[in-house]
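Only one structure is covered here, and it is reproduced in the block below.
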Amino acid sequence: MLPMLVSTEGRPFMRALLVDSDGRCRSKLDQWIRPLGFDPATQAEDLETALKVLEKRDFDLVITALDLPGGSGMDVLQASRSKQIKTLVMSGHFETQIVTSILRVKGNEILEKPIEKSACQRAVKQLFGEDKTPRPDAEKSALLAPDESYQPMKPVALPAGPNEVVGRCEALQALMESLFKVAETDAEVLILGESGTGKELIARAVHVSSHRAHRPFVAVNAAAVPETLLESELFGHTRGAFTGAQSKRKGLIAAAEGGTLFLDEIGEMPMGQQAKLLRVLQEKRFTPVGSDQDIEADIRIVAATNANLLELVAEKKFRVDLYYRLNVFPLHLPPLRERGEDILLLADHFVGLANAKHRRSVTGIDDELRALLMDYHWPGNVRQLENAIDRLVIETMEGMMTLAHLPVDLRAQFHEPPQPDKKVEDEDSIDRLVRVLAKALRGETRVSSPLEEALPDPHRYVLQAPLPPDGVEMKSLLQGLENRLIDQALERCGDNRNQAAQLLGLKRTTLVEKLRKR
C-alpha cells in the first residue's frame, strides 16, 4: 500500500478533479488550490472523460465548468453528488433554477467566470469548513440578471432568457415556492391553467430544479399526436409491429429515461392509452408495441391540462384512477389578467428576446402603450402577449415602442371588451355542491358553507332549479353526481363496500353492480 501523502501542515493531501475545456483555466485552478492542501489535480477537458475518471477514482473536490463539450457540468455534479464529493460549478451566467439546484445541496458552491484567485480559494475553504464567512448574497445576485436579487428558498425573480419564468405577483411566488418543494421529490405533478399561461415552462422548471436536471426533458402534446400513432410514440415499437414499422423504434418514455416526461393536454389522451400510462405510473414498467418484453421506466411524469379533468371523469372520458394518480401535487397557473404588474415585466422581457431574435434595437415601451397593455384582458395569456410584443418589435425596429407602432388589427384587438369567464366549478366547489344536493335529497335544510349559504333552501334548489335555456345533459349530470357520491362514500369507509352501501342507502349488490358498470 502506498504511504499516505501529508502536507506541510501535517494533514493528508486532498485529491481534486478539474473539468473545463480551457486548459489555461484548469492550470490556474490547480495552482490556486494546491496551497490549500491539494495534491496536483486530475484534469478532464470534456464530460465523457470526467465521468469515466469519477467512476474509477475517489476525490475530495470537483471543480467543473457548467458548459462542457459533450454535455453539461450538471452531469458532473450529479455524479459527484452520488459519491458525496464537494463540488464547485463555474459559469459566466447561471439561470436561477440552476443556481437553486446547485446550492440546495450542502457541499456545492458556484463560481463566476472569469474566476479570481481569492474567490476560488474562499469557496474551497467554505466547502471544507475553514472559512465561516457567509458568501454575500450580492455576489450571488451578480451571477443573475441586472436588478434581480438572489433568494435561496424563493427564487421567483428570474433572469431574462427564453426558458425562464418571469414574474413577481403573489400567485406566482406561491406557485414557485410549491414548485421547488415538489421538485426535490419524484412525485407526479399536474399543472393546471388556461391555454397560453406557460404550463410547459413550469414543467421545465420542475425538471431543472430536480435531481433529474442532468437527464432528458421530453415533451409530448397528447392532442397533437393522432390516436393511432400515440401508443407507438410513447412506448416505441418493434420491427414489423404494424404496417410501415420497418425498424425498431424507441418511444418517448425510453427517450426520457432518468429524466422527465411532460404530457401536455393530458385530458385529450384516448382512454386506451390512459390505461397503459397508468401502468407506467404504478409499476414503472411498459411494453413496446409488438413486444412481449417489459421495460423498466425510470422517469418522472409531469402532466398539464387546460380542461376540467373532473368533468371529463364524470363524462367517462378520463379514468378516475389516472386522475388521482396524476393529481398528487397540483400546481395552478394564474391567467395573465390576474397577474397585475407581471404584464409589464413580461412585456419588457419579450422586448429583449425579440431584439435578439430579429436584430432590432428597441429601447423600451412608452407609458401610453404600457397603460394599454395593463388594461387589456389577454384572453390568450402569456403566449398572446409574447406574439404581440414580437410583432411590435419588428414594426418599431429601433428606439421607443409607442402606440403609433401598433398595427390596426392589434389596436382593434386591444380595444375589444373582455368576454365573461365561463363558469367552471373547481373541485372544492363540486364537493360542496354534492353536500348540498345530498342534504336536499335527505330532506335537510341546514347549511354550513359559503356555497350552501348562497342557496337559502337547498331542497328547493334541487327540486325547483330552473332549466337552463340550452337545456342540460340529464343523464351525464345525474351519472356524474352518482359517481361522485359513490367515490366519497368509498373513500370515507376505506373502500369497505358494505359500509359505503349503508352510507348511500343501497344494497351491497347494487353498489357492486354500479361499480362494475363504470
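Identifiers in the C-alpha cells: chain A, B, ... in order shown; residue index from 1 per chain; ligand index from 1 in order shown.
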*Determine, counting only C-alpha atoms, which protein, DNA and RNA residues have an atom within 12 Å of an atom of A:Met269; residues of the same chain fewer than 4 positions away are not included. Present the result as an NGL selection string.*
:A and (220-231 or 234 or 263-265 or 273-278 or 303-305 or 307 or 309 or 312 or 317-319 or 322-323)
Save out the residues we just selected, N, CA and C atoms, as a tab-separated table (two decimals), in the first residue's frame.
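To be explicit, this is the file written out as part_8.tsv:
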```
chain	number	residue	atom	x	y	z
A	220	VAL	N	-44.43	15.97	-24.94
A	220	VAL	CA	-45.32	15.48	-25.98
A	220	VAL	C	-46.71	16.06	-25.73
A	221	ASN	N	-47.35	16.53	-26.79
A	221	ASN	CA	-48.70	17.05	-26.70
A	221	ASN	C	-49.66	15.94	-27.10
A	222	ALA	N	-50.43	15.46	-26.14
A	222	ALA	CA	-51.33	14.33	-26.39
A	222	ALA	C	-52.40	14.67	-27.41
A	223	ALA	N	-52.73	15.96	-27.55
A	223	ALA	CA	-53.76	16.36	-28.50
A	223	ALA	C	-53.21	16.48	-29.92
A	224	ALA	N	-51.89	16.59	-30.05
A	224	ALA	CA	-51.30	16.83	-31.36
A	224	ALA	C	-50.92	15.54	-32.09
A	225	VAL	N	-50.87	14.43	-31.36
A	225	VAL	CA	-50.48	13.16	-31.97
A	225	VAL	C	-51.73	12.34	-32.29
A	226	PRO	N	-51.90	11.89	-33.52
A	226	PRO	CA	-53.07	11.07	-33.87
A	226	PRO	C	-53.20	9.86	-32.95
A	227	GLU	N	-54.43	9.51	-32.63
A	227	GLU	CA	-54.68	8.40	-31.70
A	227	GLU	C	-54.01	7.11	-32.16
A	228	THR	N	-53.98	6.88	-33.47
A	228	THR	CA	-53.40	5.64	-33.99
A	228	THR	C	-51.88	5.59	-33.81
A	229	LEU	N	-51.25	6.74	-33.64
A	229	LEU	CA	-49.80	6.79	-33.51
A	229	LEU	C	-49.32	7.03	-32.08
A	230	LEU	N	-50.24	7.45	-31.19
A	230	LEU	CA	-49.83	7.85	-29.86
A	230	LEU	C	-49.16	6.72	-29.08
A	231	GLU	N	-49.70	5.50	-29.19
A	231	GLU	CA	-49.13	4.38	-28.45
A	231	GLU	C	-47.70	4.11	-28.85
A	234	LEU	N	-45.32	6.91	-27.64
A	234	LEU	CA	-45.00	6.85	-26.21
A	234	LEU	C	-44.15	5.63	-25.85
A	263	LEU	N	-46.32	15.50	-20.31
A	263	LEU	CA	-47.50	15.16	-21.11
A	263	LEU	C	-48.46	16.35	-21.09
A	264	ASP	N	-48.44	17.13	-22.17
A	264	ASP	CA	-49.33	18.29	-22.27
A	264	ASP	C	-50.68	17.85	-22.81
A	265	GLU	N	-51.71	18.61	-22.46
A	265	GLU	CA	-53.08	18.30	-22.87
A	265	GLU	C	-53.44	16.86	-22.54
A	273	GLN	N	-55.04	4.47	-24.11
A	273	GLN	CA	-53.68	4.83	-23.74
A	273	GLN	C	-53.59	5.26	-22.27
A	274	GLN	N	-54.69	5.76	-21.74
A	274	GLN	CA	-54.71	6.13	-20.32
A	274	GLN	C	-54.42	4.92	-19.44
A	275	ALA	N	-55.00	3.78	-19.80
A	275	ALA	CA	-54.78	2.57	-19.00
A	275	ALA	C	-53.31	2.16	-19.03
A	276	LYS	N	-52.67	2.31	-20.18
A	276	LYS	CA	-51.26	1.93	-20.28
A	276	LYS	C	-50.36	2.93	-19.58
A	277	LEU	N	-50.74	4.20	-19.62
A	277	LEU	CA	-49.99	5.20	-18.87
A	277	LEU	C	-50.11	4.95	-17.37
A	278	LEU	N	-51.30	4.54	-16.93
A	278	LEU	CA	-51.50	4.24	-15.52
A	278	LEU	C	-50.54	3.14	-15.06
A	303	ALA	N	-47.69	16.26	-15.92
A	303	ALA	CA	-48.79	16.41	-16.87
A	303	ALA	C	-49.39	17.81	-16.76
A	304	ALA	N	-50.07	18.22	-17.82
A	304	ALA	CA	-50.70	19.54	-17.81
A	304	ALA	C	-51.99	19.49	-18.60
A	305	THR	N	-52.91	20.38	-18.23
A	305	THR	CA	-54.19	20.45	-18.95
A	305	THR	C	-54.83	21.80	-18.73
A	307	ALA	N	-58.15	21.71	-19.30
A	307	ALA	CA	-59.51	21.18	-19.17
A	307	ALA	C	-59.82	20.87	-17.71
A	309	LEU	N	-60.56	18.17	-15.53
A	309	LEU	CA	-60.47	16.71	-15.57
A	309	LEU	C	-61.61	16.04	-14.83
A	312	LEU	N	-64.37	15.62	-17.12
A	312	LEU	CA	-64.09	14.52	-18.05
A	312	LEU	C	-64.26	13.17	-17.37
A	317	LYS	N	-64.71	10.22	-19.91
A	317	LYS	CA	-63.68	10.48	-20.91
A	317	LYS	C	-62.28	10.46	-20.31
A	318	PHE	N	-62.22	10.36	-18.98
A	318	PHE	CA	-60.92	10.30	-18.31
A	318	PHE	C	-61.03	9.37	-17.12
A	319	ARG	N	-60.04	8.50	-16.97
A	319	ARG	CA	-60.08	7.49	-15.91
A	319	ARG	C	-59.92	8.15	-14.55
A	322	LEU	N	-56.53	7.25	-12.94
A	322	LEU	CA	-55.42	8.01	-13.52
A	322	LEU	C	-55.44	9.45	-13.01
A	323	TYR	N	-56.64	10.01	-12.87
A	323	TYR	CA	-56.75	11.38	-12.36
A	323	TYR	C	-56.11	11.49	-10.99
```
_Spatial neighbours of stretch 382-392 of chain A, 7 Å, only C-alpha atoms, chain gap at least 4 places, as a PyMOL selection string_ = chain A and resi 196-198+336+347+350-351+354+378+396+405-406
*asked:* I'd like the contact shell of A:Asp30 - 8 Å cut-off, only C-alpha atoms, skipping same-chain residues fewer than 2 positions apart - returned as a list in words.
replied: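 Once the adjacent positions are removed, what remains is Leu18, Arg26, Ser27, Lys28, Trp32, Ile33, Arg34, Pro40 and Ala41 of chain A.
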Pull N, CA and C atoms from the residues just selected and write them as a CSV table (one decimal), in the first residue's frame.
```
chain,number,residue,atom,x,y,z
A,18,LEU,N,-10.5,18.6,-11.9
A,18,LEU,CA,-10.8,19.9,-12.6
A,18,LEU,C,-11.3,19.6,-14.0
A,26,ARG,N,-7.9,25.4,-16.2
A,26,ARG,CA,-7.6,24.2,-15.3
A,26,ARG,C,-6.2,24.4,-14.6
A,27,SER,N,-5.2,24.9,-15.4
A,27,SER,CA,-3.9,25.1,-14.8
A,27,SER,C,-3.9,26.1,-13.7
A,28,LYS,N,-4.7,27.2,-13.9
A,28,LYS,CA,-4.8,28.3,-12.8
A,28,LYS,C,-5.4,27.7,-11.6
A,32,TRP,N,-4.0,27.4,-7.8
A,32,TRP,CA,-4.6,28.2,-6.7
A,32,TRP,C,-5.0,27.2,-5.5
A,33,ILE,N,-5.4,26.0,-5.8
A,33,ILE,CA,-5.9,25.1,-4.7
A,33,ILE,C,-4.8,24.3,-4.1
A,34,ARG,N,-3.6,24.2,-4.7
A,34,ARG,CA,-2.5,23.4,-4.0
A,34,ARG,C,-2.1,23.9,-2.7
A,40,PRO,N,-1.4,17.6,-6.8
A,40,PRO,CA,-1.6,18.0,-8.2
A,40,PRO,C,-2.9,17.4,-8.7
A,41,ALA,N,-3.8,18.2,-9.3
A,41,ALA,CA,-5.1,17.8,-9.7
A,41,ALA,C,-5.2,16.9,-10.9
```
*Picked from stretch 309-400 of chain A by DSSP as strand (DSSP E or B), as a PyMOL selection string*: chain A and resi 329-332+361-365+398-400
Those selected residues, please, written with N, CA and C atoms and delivered as an mmCIF file, in the first residue's frame.
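The resulting again10.cif:
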```cif
data_model
loop_
_atom_site.group_PDB
_atom_site.id
_atom_site.type_symbol
_atom_site.label_atom_id
_atom_site.label_comp_id
_atom_site.auth_asym_id
_atom_site.auth_seq_id
_atom_site.Cartn_x
_atom_site.Cartn_y
_atom_site.Cartn_z
ATOM 1 N N PHE A 329 -49.685 16.285 -6.842
ATOM 2 C CA PHE A 329 -49.264 17.620 -6.435
ATOM 3 C C PHE A 329 -49.660 18.603 -7.537
ATOM 4 N N PRO A 330 -50.853 19.205 -7.428
ATOM 5 C CA PRO A 330 -51.294 20.138 -8.470
ATOM 6 C C PRO A 330 -50.638 21.508 -8.323
ATOM 7 N N LEU A 331 -50.306 22.121 -9.450
ATOM 8 C CA LEU A 331 -49.808 23.496 -9.491
ATOM 9 C C LEU A 331 -50.768 24.295 -10.367
ATOM 10 N N HIS A 332 -51.351 25.355 -9.826
ATOM 11 C CA HIS A 332 -52.338 26.156 -10.549
ATOM 12 C C HIS A 332 -51.679 27.428 -11.075
ATOM 13 N N SER A 361 -33.363 47.090 -32.307
ATOM 14 C CA SER A 361 -32.759 47.901 -31.235
ATOM 15 C C SER A 361 -33.822 48.709 -30.515
ATOM 16 N N VAL A 362 -34.922 48.069 -30.166
ATOM 17 C CA VAL A 362 -35.993 48.730 -29.411
ATOM 18 C C VAL A 362 -35.520 48.950 -27.981
ATOM 19 N N THR A 363 -35.635 50.187 -27.506
ATOM 20 C CA THR A 363 -35.094 50.529 -26.177
ATOM 21 C C THR A 363 -36.107 50.398 -25.051
ATOM 22 N N GLY A 364 -37.405 50.337 -25.371
ATOM 23 C CA GLY A 364 -38.395 50.211 -24.313
ATOM 24 C C GLY A 364 -39.803 50.458 -24.820
ATOM 25 N N ILE A 365 -40.750 50.542 -23.890
ATOM 26 C CA ILE A 365 -42.169 50.742 -24.194
ATOM 27 C C ILE A 365 -42.614 52.026 -23.509
ATOM 28 N N GLU A 398 -36.363 50.286 -33.972
ATOM 29 C CA GLU A 398 -35.407 50.861 -33.028
ATOM 30 C C GLU A 398 -36.087 51.957 -32.222
ATOM 31 N N GLY A 399 -35.437 52.329 -31.119
ATOM 32 C CA GLY A 399 -35.980 53.395 -30.289
ATOM 33 C C GLY A 399 -37.128 52.932 -29.411
ATOM 34 N N MET A 400 -37.934 53.885 -28.970
ATOM 35 C CA MET A 400 -39.028 53.602 -28.044
ATOM 36 C C MET A 400 -40.262 53.091 -28.785
#
```
*Expected answer as a PyMOL selection string: alpha helix (DSSP H) residues in stretch 465-511 of chain A*: chain A and resi 474-492+497-504+508-511
*asked:* List the spatial neighbours of A:Glu55 as a list in words - criterion: any atom at most 9 Å away, only C-alpha atoms, same-chain residues fewer than 4 positions off excluded.
replied: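 Contacts, with the query itself left out: Ala50, Leu51 and Ala79 of chain A.
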Dump of N, CA and C atoms for the selected residues, as a PDB file, in the first residue's frame:
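Resulting contents of result24.pdb:
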```pdb
ATOM      1  N   ALA A  50     -14.536  13.164 -17.813  1.00  0.00           N
ATOM      2  CA  ALA A  50     -14.791  13.444 -16.400  1.00  0.00           C
ATOM      3  C   ALA A  50     -15.587  12.325 -15.741  1.00  0.00           C
ATOM      4  N   LEU A  51     -16.629  11.849 -16.422  1.00  0.00           N
ATOM      5  CA  LEU A  51     -17.461  10.803 -15.834  1.00  0.00           C
ATOM      6  C   LEU A  51     -16.693   9.483 -15.700  1.00  0.00           C
ATOM      7  N   ALA A  79     -22.913  13.164 -10.728  1.00  0.00           N
ATOM      8  CA  ALA A  79     -22.013  12.039 -10.452  1.00  0.00           C
ATOM      9  C   ALA A  79     -21.233  12.253  -9.167  1.00  0.00           C
TER      10      ALA A  79
END
```
*asked:* When you look at A:Lys86 with a cut-off of 6 Å (counting only C-alpha atoms), what residues show up, excluding the ones that are within fewer than 2 positions of it in the same chain? I need them as a PyMOL selection string.
replied: chain A and resi 61+107-108
*From the set A:Ala500, A:Leu490, A:Leu333, A:Leu372, which residue has the shortest atom-to-atom contact distance to A:Ala412, counting only C-alpha atoms?*
A:Leu372
*Could you tell me how far atom CA of A:Gln43 lies from atom CA of A:Pro216, in Å and to one decimal?*
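Straight-line distance from atom CA of A:Gln43 to atom CA of A:Pro216 works out to 26.4 Å.
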*asked:* So, with only C-alpha atoms as the atoms that count, which of A:Glu170, A:Glu268, A:Asp75, A:Glu45 lies closest to A:Arg215?
replied: A:Asp75
_Which residues are near A:Arg168? Cut-off 9 Å, only C-alpha atoms, ignore same chain within fewer than 2 positions. Put them as a list in words._
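What passes the distance filter is Val156, Ala157, Val166, Glu170, Ala171, Leu172, Gln173, Arg339, Glu341, Asp342 and Leu345 of chain A.
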Once you have the residues from the selection above, write them out as a PDB file, in the first residue's frame, restricted to N, CA and C atoms.
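Okay, result_29.pdb is ready:
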```
ATOM      1  N   VAL A 156     -38.068  33.533  -7.287  1.00  0.00           N
ATOM      2  CA  VAL A 156     -39.148  33.802  -8.232  1.00  0.00           C
ATOM      3  C   VAL A 156     -38.840  34.982  -9.142  1.00  0.00           C
ATOM      4  N   ALA A 157     -37.817  35.783  -8.852  1.00  0.00           N
ATOM      5  CA  ALA A 157     -37.442  36.871  -9.735  1.00  0.00           C
ATOM      6  C   ALA A 157     -36.294  36.370 -10.603  1.00  0.00           C
ATOM      7  N   VAL A 166     -40.877  34.389 -15.546  1.00  0.00           N
ATOM      8  CA  VAL A 166     -40.719  35.801 -15.200  1.00  0.00           C
ATOM      9  C   VAL A 166     -41.966  36.275 -14.491  1.00  0.00           C
ATOM     10  N   GLU A 170     -48.026  37.653  -6.311  1.00  0.00           N
ATOM     11  CA  GLU A 170     -48.130  36.734  -5.169  1.00  0.00           C
ATOM     12  C   GLU A 170     -48.499  35.323  -5.609  1.00  0.00           C
ATOM     13  N   ALA A 171     -49.397  35.226  -6.585  1.00  0.00           N
ATOM     14  CA  ALA A 171     -49.823  33.891  -7.032  1.00  0.00           C
ATOM     15  C   ALA A 171     -48.652  33.120  -7.626  1.00  0.00           C
ATOM     16  N   LEU A 172     -47.804  33.809  -8.394  1.00  0.00           N
ATOM     17  CA  LEU A 172     -46.660  33.131  -8.997  1.00  0.00           C
ATOM     18  C   LEU A 172     -45.611  32.794  -7.943  1.00  0.00           C
ATOM     19  N   GLN A 173     -45.419  33.677  -6.979  1.00  0.00           N
ATOM     20  CA  GLN A 173     -44.483  33.380  -5.896  1.00  0.00           C
ATOM     21  C   GLN A 173     -44.920  32.132  -5.129  1.00  0.00           C
ATOM     22  N   ARG A 339     -52.398  38.769 -13.060  1.00  0.00           N
ATOM     23  CA  ARG A 339     -51.027  38.877 -12.590  1.00  0.00           C
ATOM     24  C   ARG A 339     -50.511  40.309 -12.477  1.00  0.00           C
ATOM     25  N   GLU A 341     -48.824  43.693 -12.378  1.00  0.00           N
ATOM     26  CA  GLU A 341     -47.601  44.281 -12.932  1.00  0.00           C
ATOM     27  C   GLU A 341     -46.734  43.267 -13.668  1.00  0.00           C
ATOM     28  N   ASP A 342     -47.000  41.997 -13.501  1.00  0.00           N
ATOM     29  CA  ASP A 342     -46.248  40.986 -14.252  1.00  0.00           C
ATOM     30  C   ASP A 342     -46.413  41.178 -15.761  1.00  0.00           C
ATOM     31  N   LEU A 345     -43.592  43.382 -16.706  1.00  0.00           N
ATOM     32  CA  LEU A 345     -42.330  42.650 -16.585  1.00  0.00           C
ATOM     33  C   LEU A 345     -42.138  41.707 -17.760  1.00  0.00           C
TER      34      LEU A 345
END
```
_Using only C-alpha atoms, which protein or nucleic acid residues come within 10 Å of A:Leu477? Drop anything in the same chain fewer than 3 positions from it, and give the result as a list in words._
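Once the nearby chain positions are removed, what remains is Glu311, Ala314, Glu315, Val472, Glu473, Met474, Gly480, Leu481 and Glu482 of chain A.
Interatomic distance, atom CA of A:Met74 to atom CA of A:Val280: 27.0 Å.
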